[in-house]
Structure formats: C-alpha cells, structure tokens
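What follows is a set of notes on a single structure, which appears directly below.
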Amino acid sequence: MNRSLRDQSLRAGMTMMELIVVLGIVSVVSALGLPRLDLSQYRADAAAQQVRSVFQTAQRTSLTRQYDVIVSVDTTQGGLRIAEDVNNNGSIEVSEWKFWRPVGQGNRFAIPPKGISSPTITKSVVGPQLSTVDFLPSVIFHRNGSASSDAEIYVSSSYRNRTDYRAITVTRATGRSEMFRLGGTGTTASWRIFAR
C-alpha cells in the first residue's frame, strides 16, 4: 500500500524528459508557422487604430473642454501632433498644451495605389478644406464635435514583399472617424470598412 502511494505521487507531474520532448515539439511547430505569419497586416491595423484613436480623443477633448483641438499629421517623421487651441485662433501658441504620437515602428504615412473617394491620390493626407498649421496638414476639431474638413489619412506597413494599406476618414459635419482596409490588387483593389 505504501508503494502504490509512492507510485501515484511520482506520476502526478511530468518528468523532465517528457517536458523536454513537449518543448521541442512546440518549438518545431512554431518555427514552421512563424515565417507564414503576415506581420504587415497586424502592423497596419495597429497604425490605423492609433491614428483613429488620436482623432477620437481630439474630438472628445474639444467637446468636453469647449475649445478647438488641432491634430496635425507629420508625414515625414511618421507622427501626429495633438494641440489644445485654448484661444481658438487656429494656431498653436507656446503656452498651449501639445504632445506627439508616433504611428508605430514599421508604419508610415503613404500614398496608396487607389484612394477612397478618388482613384488617384497624390498625398497621404487629403481633404477639401484641410488646414495647414506649422506647415503640417491639420484637422481642427471644434467644440460642437465637428471637424474643419473631411479628411482621408493613409498609412501602410511593409513586411517581406508585402505592403498593407489602411485609411482613416474623418467626416466634417460630425467629426466621426472610420477605418478602411485595402483588399485585392491592381484594378480589383477596393477599400472595405473594418471598424466603426
């Protein structure tokens, strides 16, 4: 009886050899699957969500604080500047609060092969009435929640030989933003909404 209790306690866990075999199998399976993982898709999604989050935060801030919030897109540095325009004069004073948000490593503002509202796009940030603040294309959110312009902001991420494009749109009347994915290639490429 004493011996059967001891045998049961020995089999309660895994032996070191069993653990090494399981770890070896897991590492082989993950090594086979990892090269097939498409990181550009996930990076592009993350960049689009980051940009959309900045626009949503700017709109909420303008509503709650009751003054304009300016979001400027720095396409060369790959970041967004958010500034509280306390005196609503359309420019950023030294004393006004501002901060920067990068779009993330491996992501950039880019010109896609096809636009949402126009088949040909020449810039990564487009809109009929975009403001320019400190030489950067900007969207200003007003205290009623609206934006200064309709806008389309395009981001991309590349991994290996694949580039994925995402778009964030801002609606002037409501200040609402949406995200889109570019699917397909060539003439069959089309934008599909992926978050509301």
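FYI, nothing fancy with the structure tokens labels: chains A, B, ... in order, residues from 1 per chain, ligands from 1 as they appear.
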
Next item on the list: Select from range 37-157 of chain A everything DSSP, run on the backbone, classes as helix (DSSP H, G or I), then give the selection as a list in words.
Entry: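 Selection result, helix (DSSP H, G or I) within range 37-157 of chain A: Leu39, Ser40, Gln41, Tyr42, Arg43, Ala44, Asp45, Ala46, Ala47, Ala48, Gln49, Gln50, Val51, Arg52, Ser53, Val54, Phe55, Gln56, Thr57, Ala58, Gln59, Arg60, Thr61, Ser62, Leu63, Thr64 and Arg65 of chain A.
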
Go ahead and write the residues just picked, C-alpha atoms, as a short mmCIF file (atom, residue, chain, number, x, y, z; two decimals), in the first residue's frame.
```cif
data_model
loop_
_atom_site.label_atom_id
_atom_site.label_comp_id
_atom_site.auth_asym_id
_atom_site.auth_seq_id
_atom_site.Cartn_x
_atom_site.Cartn_y
_atom_site.Cartn_z
CA LEU A 39 3.15 40.94 -39.71
CA SER A 40 2.43 43.83 -42.08
CA GLN A 41 -1.31 43.24 -41.79
CA TYR A 42 -1.22 43.50 -37.99
CA ARG A 43 1.14 46.48 -38.01
CA ALA A 44 -1.06 48.35 -40.49
CA ASP A 45 -4.14 47.62 -38.36
CA ALA A 46 -2.34 48.91 -35.28
CA ALA A 47 -1.24 52.09 -37.06
CA ALA A 48 -4.77 52.77 -38.30
CA GLN A 49 -6.20 52.19 -34.84
CA GLN A 50 -3.59 54.53 -33.34
CA VAL A 51 -4.45 57.32 -35.81
CA ARG A 52 -8.18 56.84 -35.32
CA SER A 53 -7.74 56.87 -31.54
CA VAL A 54 -5.95 60.23 -31.77
CA PHE A 55 -8.81 61.72 -33.82
CA GLN A 56 -11.45 60.33 -31.45
CA THR A 57 -9.58 61.66 -28.40
CA ALA A 58 -9.22 65.08 -30.03
CA GLN A 59 -12.94 65.22 -30.77
CA ARG A 60 -13.88 64.23 -27.20
CA THR A 61 -11.44 66.75 -25.75
CA SER A 62 -12.89 69.56 -27.87
CA LEU A 63 -16.40 68.64 -26.70
CA THR A 64 -15.57 68.39 -23.00
CA ARG A 65 -13.21 71.36 -22.76
#
```

Checklist line | Which of A:Met17, A:Leu136, A:Val126, A:Asn144 sits closest to Ile70 in chain A [using only C-alpha atoms] | finding: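 Ranking A:Met17, A:Leu136, A:Val126, A:Asn144 by distance to Ile70 in chain A, first place goes to A:Leu136.
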
Margin query: Just want the 8 Å neighbourhood of Gly175 in chain A, counted on only C-alpha atoms, with same-chain residues fewer than 6 positions away dropped. Output as a ChimeraX atom specification.
Written below: /A:59,141,145-147

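Nearest residue to Asn88 in chain A, choosing from A:Asn107, A:Thr76, A:Thr15, A:Gln66 and counting only C-alpha atoms: A:Gln66.
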
Check: Pick from A:Asp164, A:Asp134, A:Asp68, A:Glu18: nearest to Asn87 in chain A, with only C-alpha atoms counted?
Finding: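 Closest candidate: A:Asp68.
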
Margin query: Could you pull out the strand (DSSP E or B) residues of range 71-180 of chain A, going by DSSP on the backbone, and write them as an MDAnalysis selection string?
Written below: chainID A and resid 71:74 79:85 98:102 107:109 125:126 131:133 136:141 147 151:159 162:170 177:180

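Close contacts of Ile153 in chain A, defined as residues with an atom at most 9 Å away when counting only C-alpha atoms, with chain neighbours fewer than 2 positions off set aside, comprise Ala48, Val51, Val73, Phe109, Ala110, Lys123, Ser124, Val125, Val126, Gly127, Ala151, Val155, Arg166, Ala167, Ile168, Thr169 and Val170 of chain A.
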
Take the residues from that selection and write them out as a short mmCIF file (atom, residue, chain, number, x, y, z; two decimals), in the first residue's frame, keeping C-alpha atoms.
```
data_model
loop_
_atom_site.label_atom_id
_atom_site.label_comp_id
_atom_site.auth_asym_id
_atom_site.auth_seq_id
_atom_site.Cartn_x
_atom_site.Cartn_y
_atom_site.Cartn_z
CA ALA A 48 -4.77 52.77 -38.30
CA VAL A 51 -4.45 57.32 -35.81
CA VAL A 73 -0.03 64.97 -39.41
CA PHE A 109 2.03 57.59 -43.88
CA ALA A 110 1.93 56.50 -47.52
CA LYS A 123 -0.66 62.69 -50.93
CA SER A 124 -1.04 60.54 -47.84
CA VAL A 125 -3.31 63.15 -46.21
CA VAL A 126 -6.08 64.61 -48.37
CA GLY A 127 -9.17 66.72 -47.75
CA ALA A 151 -10.14 64.10 -44.47
CA VAL A 155 -0.96 54.55 -43.55
CA ARG A 166 -5.16 51.33 -44.27
CA ALA A 167 -7.20 54.53 -44.40
CA ILE A 168 -8.79 56.63 -41.70
CA THR A 169 -11.54 59.01 -42.73
CA VAL A 170 -12.90 61.98 -40.80
#
```

Check: At what distance in Å, to one decimal, does CA of Arg81 in chain A lie from CA of Trp100 in chain A?
Finding: 4.5 Å

Next item on the list: Would you work out the distance separating CA of Trp191 in chain A from CA of Glu152 in chain A, expressed in Å to one decimal?
Entry: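 The value is 12.3 Å.
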
Notebook entry, point to check: Separation of CA of Thr75 in chain A and CA of Lys114 in chain A, in Å?
Noted result: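 If I compute the distance from CA of Thr75 in chain A to CA of Lys114 in chain A, I get 18.2 Å.
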
Next item on the list: Point out the residue among A:Ala189, A:Gly78, A:Val139, A:Pro112 with the least atom-to-atom distance to Ser91 in chain A, counting only C-alpha atoms.
Entry: A:Val139
